[in-house]
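A.B. asks: Following this line is run_8.cif, made up of mmCIF, C-alpha atoms and all ligand atoms:
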```cif
data_my_file
#
loop_
_atom_site.label_atom_id
_atom_site.label_comp_id
_atom_site.auth_asym_id
_atom_site.auth_seq_id
_atom_site.Cartn_x
_atom_site.Cartn_y
_atom_site.Cartn_z
CA MET K 193 -12.58 -7.76 6.87
CA LYS K 194 -9.30 -6.34 8.04
CA LYS K 195 -9.26 -2.60 8.65
CA LYS K 196 -6.87 -0.42 6.72
CA VAL K 197 -5.39 3.00 7.34
CA LEU K 198 -7.01 5.79 5.38
CA ASN K 199 -5.18 9.08 4.95
CA PHE K 200 -6.91 12.02 3.37
CA LYS K 201 -7.52 15.72 3.82
CA LEU K 202 -10.86 16.72 5.21
CA ASN K 203 -11.85 20.36 4.99
CA GLY K 204 -8.15 21.18 4.79
CA ASP K 205 -7.04 19.05 7.77
CA PRO K 206 -5.04 15.83 7.42
CA MET K 207 -6.89 12.74 8.72
CA GLU K 208 -5.66 9.28 9.53
CA LEU K 209 -8.29 6.67 10.35
CA LEU K 210 -8.75 2.94 10.44
CA VAL K 211 -11.57 1.91 8.13
CA SER K 212 -13.06 -1.35 6.93
CA PRO K 213 -12.96 -2.03 3.20
CA GLU K 214 -16.77 -2.15 3.21
CA ASP K 215 -17.15 1.31 4.80
CA THR K 216 -18.38 4.07 2.55
CA LEU K 217 -17.05 7.59 2.70
CA LEU K 218 -20.43 8.59 4.13
CA ASP K 219 -20.08 6.02 6.97
CA VAL K 220 -16.70 7.41 7.85
CA LEU K 221 -17.84 11.03 7.79
CA ARG K 222 -20.98 10.53 9.83
CA ASP K 223 -20.20 7.59 12.10
CA GLN K 224 -16.48 7.87 12.72
CA LEU K 225 -15.98 11.60 12.45
CA GLY K 226 -19.40 12.75 13.67
CA LEU K 227 -19.87 15.08 10.72
CA THR K 228 -23.62 14.71 10.42
CA GLY K 229 -24.12 17.69 8.12
CA THR K 230 -23.78 15.25 5.23
CA LYS K 231 -27.12 13.45 5.11
CA LYS K 232 -28.03 9.88 4.35
CA GLY K 233 -31.11 9.59 2.17
CA CYS K 234 -31.36 6.63 -0.18
CA GLY K 235 -27.92 5.14 0.46
CA LYS K 236 -27.85 4.08 -3.18
CA GLY K 237 -26.50 7.05 -5.11
CA GLU K 238 -29.91 8.30 -6.19
CA CYS K 239 -30.91 11.28 -4.05
CA GLY K 240 -27.77 13.41 -3.64
CA ALA K 241 -28.34 14.06 0.09
CA CYS K 242 -24.86 12.70 0.83
CA THR K 243 -23.00 14.86 -1.71
CA VAL K 244 -19.50 15.98 -0.78
CA ILE K 245 -16.69 17.37 -2.91
CA MET K 246 -13.77 15.05 -3.57
CA ASN K 247 -10.79 16.42 -5.47
CA GLY K 248 -12.95 19.25 -6.79
CA LYS K 249 -15.86 17.10 -8.01
CA SER K 250 -19.19 16.48 -6.35
CA VAL K 251 -19.69 12.80 -5.44
CA ASN K 252 -22.35 10.76 -3.72
CA SER K 253 -20.43 9.72 -0.62
CA CYS K 254 -22.84 6.83 0.07
CA ILE K 255 -21.46 4.92 -2.91
CA VAL K 256 -17.81 5.93 -2.64
CA PRO K 257 -15.80 3.27 -0.80
CA ALA K 258 -13.97 5.09 1.99
CA LEU K 259 -10.63 3.71 0.87
CA GLN K 260 -11.15 5.35 -2.50
CA ALA K 261 -10.67 8.66 -0.70
CA MET K 262 -7.03 7.75 0.01
CA ASP K 263 -4.80 10.82 -0.48
CA SER K 264 -7.75 12.87 -1.73
CA GLU K 265 -9.10 16.22 -0.60
CA VAL K 266 -12.64 16.01 0.67
CA GLU K 267 -14.87 18.96 1.50
CA THR K 268 -18.09 18.66 3.46
CA ILE K 269 -20.72 21.19 4.41
CA GLU K 270 -18.93 21.67 7.74
CA GLY K 271 -15.95 23.06 5.83
CA ILE K 272 -17.77 25.85 4.05
CA GLY K 273 -18.71 28.88 6.07
CA THR K 274 -19.15 29.20 9.83
CA SER K 275 -22.17 30.28 11.82
CA GLU K 276 -20.50 33.71 12.17
CA LYS K 277 -19.64 33.96 8.49
CA LEU K 278 -21.79 31.92 6.16
CA HIS K 279 -20.65 30.94 2.69
CA PRO K 280 -22.43 33.03 -0.02
CA LEU K 281 -24.37 29.90 -1.04
CA GLN K 282 -25.62 29.44 2.50
CA GLU K 283 -26.65 33.11 2.62
CA THR K 284 -28.45 33.06 -0.70
CA PHE K 285 -30.25 29.78 0.05
CA ILE K 286 -31.67 31.48 3.13
CA ASP K 287 -32.41 34.78 1.36
CA HIS K 288 -34.18 33.09 -1.56
CA GLY K 289 -36.27 30.77 0.62
CA ALA K 290 -34.54 27.80 -1.01
CA ILE K 291 -34.58 25.74 2.19
CA GLN K 292 -37.64 24.08 3.64
CA CYS K 293 -37.01 20.81 5.44
CA GLY K 294 -33.34 21.31 4.70
CA PHE K 295 -32.54 17.62 4.38
CA CYS K 296 -31.38 18.01 0.79
CA THR K 297 -29.71 21.37 1.40
CA PRO K 298 -26.17 20.33 2.41
CA GLY K 299 -25.87 18.10 -0.65
CA MET K 300 -27.40 20.75 -2.88
CA ILE K 301 -24.94 23.35 -1.59
CA MET K 302 -21.98 21.02 -2.13
CA SER K 303 -23.05 20.30 -5.72
CA ALA K 304 -23.50 24.02 -6.33
CA LYS K 305 -20.13 24.79 -4.75
CA ALA K 306 -18.38 22.27 -6.98
CA LEU K 307 -19.88 24.15 -9.93
CA LEU K 308 -19.07 27.65 -8.67
CA ASP K 309 -15.50 26.67 -7.77
CA GLN K 310 -15.00 26.17 -11.53
CA ASN K 311 -17.44 28.65 -13.01
CA LEU K 312 -18.64 31.90 -11.48
CA ALA K 313 -20.90 32.77 -14.41
CA PRO K 314 -22.98 29.62 -14.86
CA THR K 315 -26.01 29.60 -17.12
CA ARG K 316 -29.33 28.40 -15.74
CA THR K 317 -28.81 25.17 -17.68
CA GLU K 318 -25.41 24.62 -16.09
CA ILE K 319 -26.91 25.17 -12.66
CA LYS K 320 -29.72 22.74 -13.41
CA GLU K 321 -27.19 20.15 -14.59
CA ALA K 322 -25.00 20.64 -11.52
CA ILE K 323 -27.88 19.95 -9.13
CA ALA K 324 -29.65 17.37 -11.29
CA GLY K 325 -28.57 14.56 -8.96
CA ASN K 326 -29.92 16.30 -5.87
CA ILE K 327 -33.53 15.55 -5.14
CA CYS K 328 -35.58 18.07 -3.18
CA ARG K 329 -39.14 17.14 -2.46
CA CYS K 330 -40.20 20.42 -0.88
CA THR K 331 -39.29 23.67 -2.55
CA GLY K 332 -39.27 23.05 -6.25
CA TYR K 333 -36.07 24.00 -7.96
CA VAL K 334 -36.64 27.60 -9.07
CA LYS K 335 -35.66 29.18 -5.76
CA ILE K 336 -32.67 26.90 -5.49
CA GLU K 337 -31.48 27.84 -8.97
CA GLU K 338 -31.97 31.53 -8.18
CA ALA K 339 -29.99 31.12 -4.97
CA VAL K 340 -27.08 29.50 -6.84
CA GLN K 341 -27.13 32.23 -9.51
CA SER K 342 -27.13 34.93 -6.90
CA ALA K 343 -24.27 33.27 -4.95
CA ALA K 344 -22.27 33.14 -8.18
CA GLU K 345 -22.74 36.89 -8.62
CA ILE K 346 -21.68 37.62 -5.04
CA MET K 347 -18.62 35.39 -5.34
CA LYS K 348 -17.67 36.95 -8.65
CA ASN K 349 -17.94 40.46 -7.20
CA ASN K 350 -15.93 39.45 -4.13
CA LYS K 351 -13.23 38.07 -6.39
CA GLU K 352 -13.10 41.18 -8.55
CA GLN K 353 -12.81 43.56 -5.61
S1 LIG K 401 -27.79 9.01 0.27
FE1 LIG K 401 -26.29 9.05 -1.23
S2 LIG K 401 -27.33 9.50 -3.06
FE2 LIG K 401 -28.89 9.21 -1.60
S1 LIG K 402 -35.81 21.28 1.35
FE1 LIG K 402 -36.80 19.44 1.78
S2 LIG K 402 -36.00 17.94 0.49
FE2 LIG K 402 -35.09 19.78 -0.05
#
```
What would you get if you wrote out this structure as structure tokens?
Ligand code: FES
Ligand code: FES
C.D. replies:
Amino acid sequence: MKKKVLNFKLNGDPMELLVSPEDTLLDVLRDQLGLTGTKKGCGKGECGACTVIMNGKSVNSCIVPALQAMDSEVETIEGIGTSEKLHPLQETFIDHGAIQCGFCTPGMIMSAKALLDQNLAPTRTEIKEAIAGNICRCTGYVKIEEAVQSAAEIMKNNKEQ
């Protein structure tokens, strides 16, 4: 099918790309833009490995048609923190031992970030709900939930200072 121009903001930078109507947002991120931090697990919207934030909400990029991202703001794991200065979620995932194979981690962090961007005092239930679509087969969820709670506290303190 005929390619179309897609304009959107990615991690704060304007992008203009030619995409096919059948491309997913995940295809564009990984294959066209080389942003392989966003993982492909099931490819069917079931595992959460491909989670990115689009207009403030976490989405499974493997089932979002790329053209649906037109004029949107998309954030990927590459846009949060740097190796010199990690995002609080990245720090707390490491500190709490919430990463094992790490395949689910980028998606988990993006889901958690979408929550914390709206709510810096989430309950354990809210955290569980936010990451309910992200499957991790290694760690169990307790350490992950603790990491998100602890990142929320750090971010809240940083904001209040
Ligand atoms: S790869 Fe998208 S939900 Fe599994
Ligand atoms: S750390 Fe392995 S799947 Fe989550």
A.B. asks: If I take atom S2 of ligand LIG 402 (chain K) and atom CA of K:Thr243, how far is one from the other in Å, to one decimal?
C.D. replies: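 Distance reported for this atom pair: 13.5 Å.
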A.B. asks: Of the candidates K:Cys239, K:Ser303, K:Ser264, K:Lys351, which one gets nearest to K:Arg329 if we count only C-alpha atoms?
C.D. replies: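 Closest candidate: K:Cys239.
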A.B. asks: Counting only C-alpha atoms, what is within 8 Å of K:Lys201, bar same-chain residues fewer than 4 positions away, as a list in words?
C.D. replies: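 Near neighbours after the sequence-gap exclusion: Asp205, Pro206, Met207, Asp263, Ser264, Glu265 and Val266 of chain K.
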A.B. asks: For ligand LIG 401 (chain K), list the contacting residues at 9 Å or closer, counting all atoms listed in the file, as number ranges by chain.
C.D. replies: K: 218, 230-243, 251-255, 325-327
A.B. asks: Print the selection's residues with C-alpha atoms to a file, as a PDB file, in the frame of the given file.
C.D. replies:
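Output file out09.pdb is given in full below:
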```pdb
ATOM      1  CA  LEU K 218     -20.430   8.590   4.130  1.00  0.00           C
ATOM      2  CA  THR K 230     -23.780  15.250   5.230  1.00  0.00           C
ATOM      3  CA  LYS K 231     -27.120  13.450   5.110  1.00  0.00           C
ATOM      4  CA  LYS K 232     -28.030   9.880   4.350  1.00  0.00           C
ATOM      5  CA  GLY K 233     -31.110   9.590   2.170  1.00  0.00           C
ATOM      6  CA  CYS K 234     -31.360   6.630  -0.180  1.00  0.00           C
ATOM      7  CA  GLY K 235     -27.920   5.140   0.460  1.00  0.00           C
ATOM      8  CA  LYS K 236     -27.850   4.080  -3.180  1.00  0.00           C
ATOM      9  CA  GLY K 237     -26.500   7.050  -5.110  1.00  0.00           C
ATOM     10  CA  GLU K 238     -29.910   8.300  -6.190  1.00  0.00           C
ATOM     11  CA  CYS K 239     -30.910  11.280  -4.050  1.00  0.00           C
ATOM     12  CA  GLY K 240     -27.770  13.410  -3.640  1.00  0.00           C
ATOM     13  CA  ALA K 241     -28.340  14.060   0.090  1.00  0.00           C
ATOM     14  CA  CYS K 242     -24.860  12.700   0.830  1.00  0.00           C
ATOM     15  CA  THR K 243     -23.000  14.860  -1.710  1.00  0.00           C
ATOM     16  CA  VAL K 251     -19.690  12.800  -5.440  1.00  0.00           C
ATOM     17  CA  ASN K 252     -22.350  10.760  -3.720  1.00  0.00           C
ATOM     18  CA  SER K 253     -20.430   9.720  -0.620  1.00  0.00           C
ATOM     19  CA  CYS K 254     -22.840   6.830   0.070  1.00  0.00           C
ATOM     20  CA  ILE K 255     -21.460   4.920  -2.910  1.00  0.00           C
ATOM     21  CA  GLY K 325     -28.570  14.560  -8.960  1.00  0.00           C
ATOM     22  CA  ASN K 326     -29.920  16.300  -5.870  1.00  0.00           C
ATOM     23  CA  ILE K 327     -33.530  15.550  -5.140  1.00  0.00           C
TER      24      ILE K 327
END
```
A.B. asks: Mind listing the residues within 8 Å of ligand LIG 402 (chain K), all atoms listed in the file counted, as a PyMOL selection string?
C.D. replies: chain K and resi 290-297+327-331
A.B. asks: May I ask which of the residues K:Thr284, K:Asn311, K:Ser212, K:Gln224 is the closest one to K:Ile346, counting all atoms listed in the file?
C.D. replies: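 Ranked by minimum distance to K:Ile346, first place goes to K:Thr284.
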A.B. asks: With 3 Å added on each side, what axis-aligned box encloses every listed atom of stretch 225-241 of chain K? Give the centre and edge lengths in Å to one decimal, as AutoDock Vina command-line options.
C.D. replies:
```
--center_x -23.7 --center_y 10.9 --center_z 3.7 --size_x 21.4 --size_y 19.6 --size_z 25.9
```
A.B. asks: Using only C-alpha atoms, can you tell me which of K:Gly289, K:Gly248, K:Gly204, K:Gly271 comes closest to K:Ala339?
C.D. replies: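 Using only C-alpha atoms, the shortest distance to K:Ala339 belongs to K:Gly289.
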A.B. asks: Quote the spacing between atom CA of K:Asp215 and atom CA of K:Lys196 in Å to one decimal place.
C.D. replies: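 Between these atoms lies a distance of 10.6 Å.
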A.B. asks: Please identify all polymer residues within 10 Å of K:Glu267, counting all atoms listed in the file, omitting same-chain residues fewer than 6 positions from it, and present them as a PyMOL selection string.
C.D. replies: chain K and resi 201-204+243-250+302+306
